[in-house]
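J.: Data file coords17.pdb (PDB, C-alpha atoms) is appended below.
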ATOM      1  CA  MET A 321     160.835 109.054  -5.323
ATOM      2  CA  THR A 322     157.103 109.393  -5.045
ATOM      3  CA  LEU A 323     156.515 105.676  -4.944
ATOM      4  CA  THR A 324     159.015 105.165  -2.124
ATOM      5  CA  SER A 325     157.487 107.941  -0.060
ATOM      6  CA  SER A 326     153.960 106.607  -0.602
ATOM      7  CA  HIS A 327     155.014 103.072   0.337
ATOM      8  CA  SER A 328     156.711 104.337   3.503
ATOM      9  CA  SER A 329     153.600 106.262   4.534
ATOM     10  CA  ARG A 330     151.400 103.219   3.977
ATOM     11  CA  THR A 331     153.742 101.065   5.992
ATOM     12  CA  THR A 332     153.725 103.562   8.830
ATOM     13  CA  PHE A 333     149.919 103.762   8.739
ATOM     14  CA  ILE A 334     149.572  99.983   8.806
ATOM     15  CA  ARG A 335     152.009  99.785  11.702
ATOM     16  CA  PHE A 336     150.149 102.367  13.730
ATOM     17  CA  SER A 337     146.831 100.745  12.884
ATOM     18  CA  MET A 338     148.095  97.390  14.110
ATOM     19  CA  ILE A 339     149.435  98.997  17.264
ATOM     20  CA  GLY A 340     146.086 100.727  17.762
ATOM     21  CA  LEU A 341     144.184  97.510  17.158
ATOM     22  CA  ALA A 342     146.428  95.652  19.573
ATOM     23  CA  ALA A 343     145.938  98.361  22.192
ATOM     24  CA  LEU A 344     142.179  98.329  21.630
ATOM     25  CA  ALA A 345     142.134  94.560  21.921
ATOM     26  CA  HIS A 346     144.158  94.777  25.085
ATOM     27  CA  VAL A 347     141.766  97.346  26.571
ATOM     28  CA  LEU A 348     138.749  95.245  25.601
ATOM     29  CA  LEU A 349     140.369  92.190  27.144
ATOM     30  CA  LEU A 350     141.007  94.079  30.410
ATOM     31  CA  LEU A 351     137.436  95.349  30.479
ATOM     32  CA  TYR A 352     136.117  91.831  29.860
ATOM     33  CA  PHE A 353     138.108  90.338  32.721
ATOM     34  CA  ARG A 354     137.168  93.193  35.057
ATOM     35  CA  PHE A 355     133.475  92.851  34.237
ATOM     36  CA  SER A 356     133.609  89.081  34.706
ATOM     37  CA  ILE A 357     135.302  89.388  38.138
ATOM     38  CA  THR A 358     132.869  92.095  39.260
ATOM     39  CA  ARG A 359     129.907  90.002  38.126
ATOM     40  CA  GLU A 360     131.189  86.936  39.920
ATOM     41  CA  ALA A 361     131.731  88.994  43.074
ATOM     42  CA  VAL A 362     128.244  90.389  42.823
ATOM     43  CA  VAL A 363     126.732  86.942  42.289
ATOM     44  CA  ALA A 364     128.748  85.466  45.176
ATOM     45  CA  VAL A 365     127.408  88.021  47.667
ATOM     46  CA  PRO A 366     123.913  87.006  48.941
ATOM     47  CA  GLU A 367     121.182  89.502  48.835
ATOM     48  CA  ALA A 368     121.307  91.557  51.990
ATOM     49  CA  GLU A 369     118.255  91.243  54.209
ATOM     50  CA  VAL A 370     116.518  94.509  54.891
ATOM     51  CA  ILE A 371     116.282  95.087  58.656
ATOM     52  CA  LYS A 372     113.746  97.487  60.002
ATOM     53  CA  LEU A 373     115.101  99.642  62.754
ATOM     54  CA  VAL A 374     111.648  99.708  64.281
ATOM     55  CA  ASP A 375     111.923  95.997  65.182
ATOM     56  CA  PHE A 376     114.749  96.635  67.649
ATOM     57  CA  GLN A 377     114.680  98.524  70.942
ATOM     58  CA  GLU A 378     117.615 100.290  72.387
ATOM     59  CA  TYR A 379     119.460  98.016  74.802
ATOM     60  CA  ILE A 380     119.536  99.507  78.274
ATOM     61  CA  PRO A 381     121.948  97.776  80.638
ATOM     62  CA  PRO A 382     120.395  96.723  83.992
ATOM     63  CA  PRO A 383     121.336  98.811  87.060
ATOM     64  CA  PRO A 384     124.131  97.430  89.210
ATOM     65  CA  PRO A 385     122.955  95.367  92.212
ATOM     66  CA  PRO A 386     122.774  97.305  95.516
ATOM     67  CA  LYS A 387     125.693  96.943  97.827
ATOM     68  CA  PRO A 388     124.901  94.709 100.817
ATOM     69  CA  GLN A 389     124.439  96.747 103.959
ATOM     70  CA  PRO A 390     126.013  95.491 107.186
ATOM     71  CA  LYS A 391     123.507  94.003 109.643
ATOM     72  CA  LYS A 392     122.751  96.086 112.681
ATOM     73  CA  GLU A 393     121.852  94.564 115.986
ATOM     74  CA  VAL A 394     118.507  96.017 116.927
ATOM     75  CA  THR A 395     116.997  95.552 120.267
ATOM     76  CA  GLU A 396     113.234  95.826 120.012
ATOM     77  CA  VAL A 397     111.414  97.163 122.930
ATOM     78  CA  ASN A 398     107.630  96.867 122.968
ATOM     79  CA  ASP A 399     105.036  98.829 124.929
ATOM     80  CA  GLN A 400     107.464 101.340 126.515
ATOM     81  CA  PRO A 401     106.293 104.942 127.217
ATOM     82  CA  SER A 402     108.048 107.547 125.157
ATOM     83  CA  VAL A 403     110.586 109.599 127.092
ATOM     84  CA  ALA A 404     110.071 113.339 126.696
ATOM     85  CA  GLU A 405     113.623 114.583 126.986
ATOM     86  CA  LYS A 406     115.783 116.917 124.943
ATOM     87  CA  ILE A 407     119.539 116.360 124.522
ATOM     88  CA  ILE A 408     121.691 119.424 123.857
ATOM     89  CA  GLN A 409     125.325 118.966 122.791
ATOM     90  CA  VAL A 410     127.708 121.714 123.898
ATOM     91  CA  ASP A 411     131.486 121.199 123.706
ATOM     92  CA  GLU A 412     131.040 117.411 123.617
ATOM     93  CA  GLU A 413     129.101 117.455 126.881
ATOM     94  CA  VAL A 414     125.578 116.105 126.985
ATOM     95  CA  VAL A 415     123.041 118.002 129.029
ATOM     96  CA  GLU A 416     119.705 116.360 129.661
ATOM     97  CA  GLU A 417     116.688 118.397 130.595
ATOM     98  CA  GLU A 418     114.676 117.023 133.461
ATOM     99  CA  GLU A 419     111.553 115.207 132.395
ATOM    100  CA  THR A 420     108.346 116.835 133.493
ATOM    101  CA  VAL A 421     105.924 114.164 134.631
ATOM    102  CA  SER A 422     102.328 115.194 135.009
ATOM    103  CA  PRO A 423     100.673 113.655 138.053
ATOM    104  CA  VAL A 424      98.214 110.933 137.146
ATOM    105  CA  VAL A 425      94.814 111.809 138.501
ATOM    106  CA  GLU A 426      92.873 108.647 139.204
ATOM    107  CA  GLN A 427      89.268 109.021 138.203
ATOM    108  CA  GLU A 428      86.855 108.364 141.026
ATOM    109  CA  PRO A 429      84.393 105.612 140.118
ATOM    110  CA  GLU A 430      80.658 106.233 140.130
ATOM    111  CA  TYR A 431      79.282 104.609 143.283
ATOM    112  CA  LEU A 432      75.794 103.184 142.946
ATOM    113  CA  PRO A 433      73.379 103.409 145.854
ATOM    114  CA  GLN A 434      72.731 100.157 147.665
ATOM    115  CA  HIS A 435      69.200  99.677 146.319
ATOM    116  CA  LYS A 436      70.454  99.627 142.683
ATOM    117  CA  ILE A 437      72.709  96.591 143.015
ATOM    118  CA  SER A 438      71.631  92.992 142.471
ATOM    119  CA  LYS A 439      74.323  91.412 144.659
ATOM    120  CA  ILE A 440      75.692  92.950 147.856
ATOM    121  CA  PRO A 441      79.464  93.017 148.487
ATOM    122  CA  VAL A 442      80.984  90.211 150.534
ATOM    123  CA  ILE A 443      82.424  91.667 153.770
ATOM    124  CA  PRO A 444      85.248  89.593 155.323
ATOM    125  CA  VAL A 445      84.001  89.542 158.943
ATOM    126  CA  GLU A 446      86.867  87.424 160.281
ATOM    127  CA  GLU A 447      89.421  89.890 158.916
ATOM    128  CA  ILE A 448      87.585  92.811 160.531
ATOM    129  CA  LEU A 449      87.648  91.032 163.901
ATOM    130  CA  ASP A 450      91.401  90.480 163.555
ATOM    131  CA  ARG A 451      92.015  94.123 162.705
ATOM    132  CA  ILE A 452      89.675  95.891 165.120
ATOM    133  CA  GLU A 453      90.696  97.056 168.598
ATOM    134  CA  TYR A 454      88.235  97.723 171.437
ATOM    135  CA  PRO A 455      88.576 101.367 172.547
ATOM    136  CA  PRO A 456      90.612 101.362 175.828
ATOM    137  CA  MET A 457      88.443 104.069 177.462
ATOM    138  CA  ALA A 458      85.214 102.225 176.608
ATOM    139  CA  LEU A 459      86.744  98.958 177.789
ATOM    140  CA  ARG A 460      87.655 100.449 181.200
ATOM    141  CA  GLN A 461      84.142 101.831 181.520
ATOM    142  CA  LYS A 462      82.665  98.564 180.216
ATOM    143  CA  LEU A 463      80.714 100.354 177.468
ATOM    144  CA  GLU A 464      79.106  98.719 174.484
ATOM    145  CA  ALA A 465      77.965 100.456 171.280
ATOM    146  CA  VAL A 466      77.083 100.153 167.602
ATOM    147  CA  VAL A 467      78.831 102.271 164.945
ATOM    148  CA  TYR A 468      76.985 102.784 161.644
ATOM    149  CA  VAL A 469      79.237 103.523 158.647
ATOM    150  CA  GLU A 470      78.871 103.841 154.887
ATOM    151  CA  LEU A 471      81.560 102.037 152.891
ATOM    152  CA  TYR A 472      82.620 103.303 149.459
ATOM    153  CA  ILE A 473      83.623 100.047 147.740
ATOM    154  CA  ASP A 474      84.929 100.213 144.153
ATOM    155  CA  GLN A 475      84.314  97.645 141.393
ATOM    156  CA  THR A 476      87.345  95.606 142.500
ATOM    157  CA  GLY A 477      85.962  95.262 146.058
ATOM    158  CA  LEU A 478      88.435  97.677 147.664
ATOM    159  CA  VAL A 479      87.111  99.927 150.471
ATOM    160  CA  ARG A 480      88.275 103.385 149.378
ATOM    161  CA  GLN A 481      86.473 105.503 151.959
ATOM    162  CA  VAL A 482      84.603 105.068 155.251
ATOM    163  CA  ILE A 483      81.960 107.625 156.278
ATOM    164  CA  VAL A 484      80.647 107.501 159.876
ATOM    165  CA  LEU A 485      76.852 107.800 159.928
ATOM    166  CA  LYS A 486      76.360 107.345 163.716
ATOM    167  CA  ASP A 487      79.152 107.930 166.235
ATOM    168  CA  PRO A 488      78.512 106.735 169.835
ATOM    169  CA  LYS A 489      81.701 108.534 170.957
ATOM    170  CA  ASN A 490      84.276 107.073 173.369
ATOM    171  CA  GLY A 491      86.520 106.054 170.447
ATOM    172  CA  PHE A 492      84.171 103.530 168.905
ATOM    173  CA  ALA A 493      83.936 105.302 165.521
ATOM    174  CA  GLU A 494      87.719 105.755 165.233
ATOM    175  CA  ALA A 495      88.298 102.052 165.945
ATOM    176  CA  ALA A 496      85.714 101.049 163.342
ATOM    177  CA  VAL A 497      87.161 103.317 160.625
ATOM    178  CA  LYS A 498      90.711 102.061 161.275
ATOM    179  CA  ALA A 499      89.614  98.450 160.890
ATOM    180  CA  LEU A 500      87.620  99.040 157.691
ATOM    181  CA  GLU A 501      89.914 101.349 155.671
ATOM    182  CA  GLY A 502      91.652  99.524 152.771
ATOM    183  CA  LEU A 503      89.685  96.338 153.409
ATOM    184  CA  GLN A 504      89.404  94.002 150.404
ATOM    185  CA  CYS A 505      85.863  92.732 149.927
ATOM    186  CA  GLY A 506      84.046  90.740 147.276
ATOM    187  CA  PRO A 507      82.720  93.360 144.777
ATOM    188  CA  ALA A 508      79.033  94.155 144.448
ATOM    189  CA  GLU A 509      77.277  93.341 141.170
ATOM    190  CA  ALA A 510      74.582  94.876 139.003
ATOM    191  CA  ASN A 511      73.214  92.908 136.053
ATOM    192  CA  GLY A 512      75.994  90.377 136.521
ATOM    193  CA  LYS A 513      78.834  92.916 136.317
ATOM    194  CA  PRO A 514      81.071  94.217 139.158
ATOM    195  CA  VAL A 515      80.164  97.773 140.174
ATOM    196  CA  ALA A 516      81.192 100.394 142.706
ATOM    197  CA  VAL A 517      78.677 100.857 145.533
ATOM    198  CA  ARG A 518      77.900 102.894 148.654
ATOM    199  CA  PHE A 519      77.162 100.208 151.251
ATOM    200  CA  ARG A 520      75.892 100.839 154.812
ATOM    201  CA  TYR A 521      77.382  98.558 157.422
ATOM    202  CA  PRO A 522      77.049  98.374 161.255
ATOM    203  CA  ILE A 523      79.888  97.434 163.631
ATOM    204  CA  ARG A 524      78.701  96.233 167.086
ATOM    205  CA  PHE A 525      81.114  96.439 170.036
ATOM    206  CA  VAL A 526      80.147  93.853 172.706
ATOM    207  CA  LEU A 527      81.966  92.876 175.925
ATOM    208  CA  ASN A 528      82.366  89.182 176.717
TER
END
As structure tokens, what does this structure read like?
T.:
Amino acid sequence: MTLTSSHSSRTTFIRFSMIGLAALAHVLLLLYFRFSITREAVVAVPEAEVIKLVDFQEYIPPPPPPKPQPKKEVTEVNDQPSVAEKIIQVDEEVVEEEETVSPVVEQEPEYLPQHKISKIPVIPVEEILDRIEYPPMALRQKLEAVVYVELYIDQTGLVRQVIVLKDPKNGFAEAAVKALEGLQCGPAEANGKPVAVRFRYPIRFVLN
């Protein structure tokens, strides 16, 4: 009885030992295969290159191109005076204020005396003879006379004013002034430049 029980216990121990050894071998085999696969996977993967984030800048997309604007027909006007007007819109009606235009005051030139000019003005004698009229009263009385005038001639040669220095009466002075006013002469000169001048000039009335 004792021998049978001891033999059975030994057999059971051996059986469990074999089972344990088989299980241990199985576990070792699984670990071996797992380690081998992991190692191969690790070897197959190349070493990752270390990338510095400092070497890269943040990508900023470029702004969208501007939309093309439609061409406007522009009429260019050069050298036009600005119009001082104010437009007021009331109930879709346009009211324009009248433009206030300041009168342009023409500056009177400085007339040099006759002795300060280097070239006297050219008086168109033929034109004076065509324009002048012999006073009717003096003609009936057969009178002759000389009218002395002072001509204010600007730098363009235009006679702007006629001053009578000696009036022999009988309409001679009036006839002389009428013929000389607005007359276009050749301008006087000083130092080679056109100048305005006060020029004394006689008109002689003679009967044929």
J.: Written as a list of chain:residue names, what is the full residue list that the PyMOL selection byres ((chain A and resi 480) around 12) yields on the file shown?
T.: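 What the PyMOL selection byres ((chain A and resi 480) around 12) grabs from the file is A:Glu428, A:Pro429, A:Tyr431, A:Glu470, A:Leu471, A:Tyr472, A:Ile473, A:Asp474, A:Gln475, A:Thr476, A:Gly477, A:Leu478, A:Val479, A:Gln481, A:Val482, A:Ile483, A:Val497, A:Leu500, A:Glu501, A:Gly502, A:Leu503, A:Gln504, A:Cys505, A:Ala516, A:Val517, A:Arg518, A:Phe519.
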J.: Could you jot down the atom CA of Ala458 of chain A to atom CA of Ala495 of chain A separation for me, Å, one decimal place?
T.: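 Taking atom CA of Ala458 of chain A and atom CA of Ala495 of chain A, their separation equals 11.1 Å.
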J.: Under the rule that only C-alpha atoms are counted, which of A:Lys489, A:Ala508, A:Pro514, A:Lys498 is the nearest residue to Asp450 of chain A?
T.: A:Lys498
J.: Go through A:Ala499, A:Leu344, A:Ser337, A:Val469 and flag the residue nearest Pro444 of chain A, using all atoms listed in the file for the distances.
T.: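 Under the stated criterion, the closest residue is A:Ala499.
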J.: Take atom CA of Lys513 of chain A and atom CA of Leu485 of chain A and report the distance between them in Å, one decimal.
T.: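 Taking atom CA of Lys513 of chain A as the start and atom CA of Leu485 of chain A as the end point, the length is 28.0 Å.
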J.: One decimal, Å: what's the distance from atom CA of Ile452 of chain A over to atom CA of Lys486 of chain A, could you say?
T.: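 A separation of 17.6 Å between them.
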J.: Residues near Ile440 of chain A, anyone? I mean within 8 Å using all atoms listed in the file, not counting same-chain ones fewer than 3 positions away, as a PyMOL selection string.
T.: chain A and resi 434+437+507-509
J.: Between A:Arg524, A:Glu430, A:Ala496, A:Val467, single out the one closest to Arg451 of chain A, counting all atoms listed in the file.
T.: A:Ala496
